[in-house]
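Enquirer: First the structure, which I've put down as structure tokens, then a few questions once you've had a look.
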Number of protein chains: 2
Amino acid sequence: MEFACNFALMLKNDLLLRAAKGQDVERAPVWLMRQAGRVLPEYRATRAKTKSFIEFVKNPELACEVTIQPVDILGVDAAIIFSDILVIPEAMGLPYQMIEAKGPWFEQTIKSKTDIDNLKIAEAGDLDYVMKALQLTKKELNNRVPLIGFAGAPWTLFAYMIEGSGSKTFSKAKQFLYTQPELSHQLLEKITLSTINYLKGQVAAGADILQLFDSWAGVLSEKMYYEFSLKYISKICDALSPLVPVTVFAKDAHYALKNIADTSCSSIGLDWTIDPKQARSQTSGKTLQGNADPCLLYANEKKIISETHAILNAFGKPRYICNLGHGLYPDIDKEKVKLFVQIVKDYKW
Amino acid sequence: MEFACNFALMLKNDLLLRAAKGQDVERAPVWLMRQAGRVLPEYRATRAKTKSFIEFVKNPELACEVTIQPVDILGVDAAIIFSDILVIPEAMGLPYQMIEAKGPWFEQTIKSKTDIDNLKIAEAGDLDYVMKALQLTKKELNNRVPLIGFAGAPWTLFAYMIEGSGSKTFSKAKQFLYTQPELSHQLLEKITLSTINYLKGQVAAGADILQLFDSWAGVLSEKMYYEFSLKYISKICDALSPLVPVTVFAKDAHYALKNIADTSCSSIGLDWTIDPKQARSQTSGKTLQGNADPCLLYANEKKIISETHAILNAFGKPRYICNLGHGLYPDIDKEKVKLFVQIVKDYKW
């Protein structure tokens with residue numbers, strides 16, 4: 001498969017793209033989910049410049065600033081654009097708030113066919129602030145490392161749009177799947193089309209590689225996952241993978257690895273409950289990304305070194321991107337994150 | 001293996017015990033986790049008789065009443081004693097409150113060696129109200145169905161005792177494992193000894209079978225799970241399985257099925273992300289319990305029938321106990337629960 005990565009040729013460090021495409025690498029690339037986040041005091045200082053989280057997300061200059069911070073401070077091999085997965089529901093007509101220590105909250109939720117009909121299919125132009133943030137970041141990065149774009153997977157966005165907030169079970173969203181399968185597919189289709197428009201826009205604005213976050217994959221059964229989530233992820237991969245590599249990260253979907261590998265994605269993100277060797281055996285021809293326990297970074301230096309070495313050794317150098325198995329927790333010591341990055345850079349296979 | 005189930009011979013319906021022991025059964029037994037709970041209006045009426053949840057748990061007459069309700073109303077093949085997993089931390093010296101719509105909350109948490117040293121190893125006598133509830137229920141049940149006793153698995157109790165409340169990540173509890181492994185083992189050992197005393201007391205008080213709930217298994221990596229959870233579950237199984245069959249339900253521990261099967265448990269509970277046939281292939285000689293998605297009971301009758309039939313067919317009749325893959329959600333229609341039970345009873349293999 002040929003990827004039209006126009007920027008890749010000019011990148012000073014294109015390790016991530018080579019790893020994603022299965023090309024030779026000197027060492028594994030490393031970045032961290034939520035690296036642009038509260039773990040950095042520098043992020044918290046920038047964040048303090050706006051009152052609300054949404055205002056912050058919608059400010060391209062500030063988004064650019066926090067996107068580049070971890071490249072400068074942590075030495076990671078990629079930048080991931082600072083944004084939020086819920087900008088898509090908002091662009092479709094379902095605004096939300098981010099409530100401190102609670103998470104996202106939607107005043108309106110989707111309950112009926114009328115609610116779904118009233119949603120628009122978002123265009124990249126509806127998310128102009130993200131496109132501007134990408135363009136600005138691409139310019140400021142000056143081709144030092146690749147820029148990762150992202151979106152929430154349709155099921156995860158659907159889950160928030162029905163549930164209206166985070167949930168341990170997402171039982172309202174699942175109830176909708178069980179009782180309104182046709183309406184569910186209508187809504188998932190609209191989210192999918194919006195996401196494809198959005199991600200194509202991200203590529204046009206400078207994203208070198210994309211990641212889909214299916215954060216709530218784990219609440220679905222295998223059968224439901226294929227019908228209501230992977231089907232739409234697959235459509236998005238088919239639309240985007242001719243342009244750039246696409247990584248699918250379906251948290252807790254241990255049962256779906258083989259089927260995720262059947263999509264046209266280039267890479268598969270793994271959480272820390274997945275055994276690297278078992279994952280390899282089910283995902284032939286794909287790059288794997290992950291999967292250190294985020295809590296490992298609470299440990300002492302010796303433990304971080306030994307566990308990170310074990311992970312690097314288990315995955316092997318080819319087709320591997322080192323990362324955590326989930327986002328960085330905000331109370332992790334920045335120095336431990338730097339240590340983790342350095343361990344990966346220093347590792348000799 | 002011989003179980004000393006003195007009551008079993010007298011039980012009018014001992015399907016559950018026979019299934020757990022791998023003996024012949026006419027049909028699969030069925031019960032539901034949280035069957036003694038808010039899904040029943042009758043439970044809510046009894047619950048309204050006391051102000052606090054803890055007061056309710058500590059009242060043997062009321063606990064007995066709600067334990068028997070689902071046998072009468074839903075027609076399940078077993079009663080499970082109404083109680084709470086957190087009675088063990090409380091008996092060890094760490095009291096908690098149950099906060100409406102929030103869950104458990106501990107005013108004090110475990111932070112140091114002194115905190116651990118100050119905890120007592122609970123004796124069955126410290127949980128006299130549970131013993132009384134079991135004795136009363138055993139008498140009132142009049143041997144109609146087996147009585148299930150239970151406890152939280154040590155890791156899950158540890159998680160609450162360190163974290164102080166529920167959590168999506170249990171990152172404080174995991175931080176303790178990573179930074180204080182020796183103290184962690186000291187605390188887990190004390191919880192394990194308390195749990196063994198408690199469960200032996202439950203058997204003496206009339207429990208015919210026991211279940212260990214490892215509700216937060218899924219936040220641990222495989223390696224951490226074996227070291228900090230399964231090791232202690234295994235000790236408890238070894239202490240109790242000579243007396244009665246023991247079921248281990250480690251939610252989201254998909255990676256650990258084979259190793260759970262290596263313990264002396266008789267049965268393994270499965271959540272709804274586990275494929276029945278894959279589970280069978282990893283758990284030879286054990287009975288499996290589960291694993292319908294709790295949200296299935298939101299669906300219409302036709303869907304509930306077809307999905308329940310698919311589950312029954314996938315597990316097969318021998319060594320199988322039908323149940324959900326997690327507890328009943330409180331807003332499920334009671335009639336749907338009755339339907340689920342009846343479908344299992346009517347199924348012809």
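As shown in the structure tokens, the chain order sets the letters A, B, ...; within each chain, residues go from 1, and ligands are also counted from 1 in the order they appear.
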Can you list, as a list of chain:residue names, every protein, DNA or RNA residue that comes within 6 Å of Ala133 (chain B) when you count only C-alpha atoms, leaving out same-chain residues fewer than 3 positions away?
Expert: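 Near neighbours after the sequence-gap exclusion: B:Pro60, B:Cys64, B:Val130, B:Leu136, B:Thr137.
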Enquirer: Give me a file of those residues, with C-alpha atoms, as a PDB file, in the first residue's frame.
Expert:
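Saved the output as part_6.pdb:
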```pdb
ATOM      1  CA  PRO B  60     -30.311  -9.962  59.506  1.00  0.00           C
ATOM      2  CA  CYS B  64     -32.965 -12.474  54.836  1.00  0.00           C
ATOM      3  CA  VAL B 130     -23.934 -11.820  58.231  1.00  0.00           C
ATOM      4  CA  LEU B 136     -32.139 -17.128  59.141  1.00  0.00           C
ATOM      5  CA  THR B 137     -32.191 -17.362  55.347  1.00  0.00           C
TER       6      THR B 137
END
```
Enquirer: Might you pull out every residue within 8 Å of region 148-154 of chain B, with only C-alpha atoms counted and same-chain residues fewer than 4 positions away left off, and present them as a list in words?
Expert: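 Residues meeting the cut-off are Ala78, Ala79, Ile80, Ile81, Asp84, Ile85, Leu86, Phe158, Leu188, Ile191, Thr192, Thr195, Leu199, Gln202, Val203, Ala207, Asp208, Ile209, Leu210, Gln211, Leu212, Phe213, Asp214, Ser215, Ser229, Tyr232 and Ile233 of chain B.
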Enquirer: Could the residues in this selection be written to a file with C-alpha atoms, as an mmCIF file, in the first residue's frame?
Expert:
```cif
data_model
loop_
_atom_site.group_PDB
_atom_site.id
_atom_site.type_symbol
_atom_site.label_atom_id
_atom_site.label_comp_id
_atom_site.auth_asym_id
_atom_site.auth_seq_id
_atom_site.Cartn_x
_atom_site.Cartn_y
_atom_site.Cartn_z
ATOM 1 C CA ALA B 78 -30.301 -20.082 44.019
ATOM 2 C CA ALA B 79 -30.425 -17.394 46.685
ATOM 3 C CA ILE B 80 -27.357 -15.215 47.254
ATOM 4 C CA ILE B 81 -27.084 -13.717 50.705
ATOM 5 C CA ASP B 84 -21.789 -6.066 50.665
ATOM 6 C CA ILE B 85 -18.177 -6.885 49.852
ATOM 7 C CA LEU B 86 -16.970 -3.971 51.994
ATOM 8 C CA PHE B 158 -7.458 -3.557 48.780
ATOM 9 C CA LEU B 188 -3.396 -8.422 50.934
ATOM 10 C CA ILE B 191 -7.406 -9.276 53.903
ATOM 11 C CA THR B 192 -6.973 -12.868 52.725
ATOM 12 C CA THR B 195 -11.745 -13.444 54.127
ATOM 13 C CA LEU B 199 -16.101 -17.512 54.385
ATOM 14 C CA GLN B 202 -20.458 -18.403 56.075
ATOM 15 C CA VAL B 203 -20.232 -22.117 55.332
ATOM 16 C CA ALA B 207 -23.755 -21.211 52.669
ATOM 17 C CA ASP B 208 -23.803 -24.117 50.194
ATOM 18 C CA ILE B 209 -21.465 -22.518 47.663
ATOM 19 C CA LEU B 210 -19.280 -19.403 47.647
ATOM 20 C CA GLN B 211 -18.415 -16.736 45.105
ATOM 21 C CA LEU B 212 -15.429 -14.401 45.106
ATOM 22 C CA PHE B 213 -16.025 -11.095 43.338
ATOM 23 C CA ASP B 214 -12.901 -9.526 41.851
ATOM 24 C CA SER B 215 -14.721 -6.520 40.470
ATOM 25 C CA SER B 229 -4.655 -10.812 43.059
ATOM 26 C CA TYR B 232 -4.574 -14.607 47.203
ATOM 27 C CA ILE B 233 -7.677 -15.850 45.427
#
```
Enquirer: Please identify every residue of chain B that has at least one atom no more than 8 Å from any atom of chain A, counting only C-alpha atoms, and report them as JSON, numbers by chain.
Expert: {"B": [168, 171, 174, 175, 178, 179, 218, 219, 220, 221, 222, 254, 255, 272, 273, 274, 275, 293, 295, 296, 298, 299, 300]}
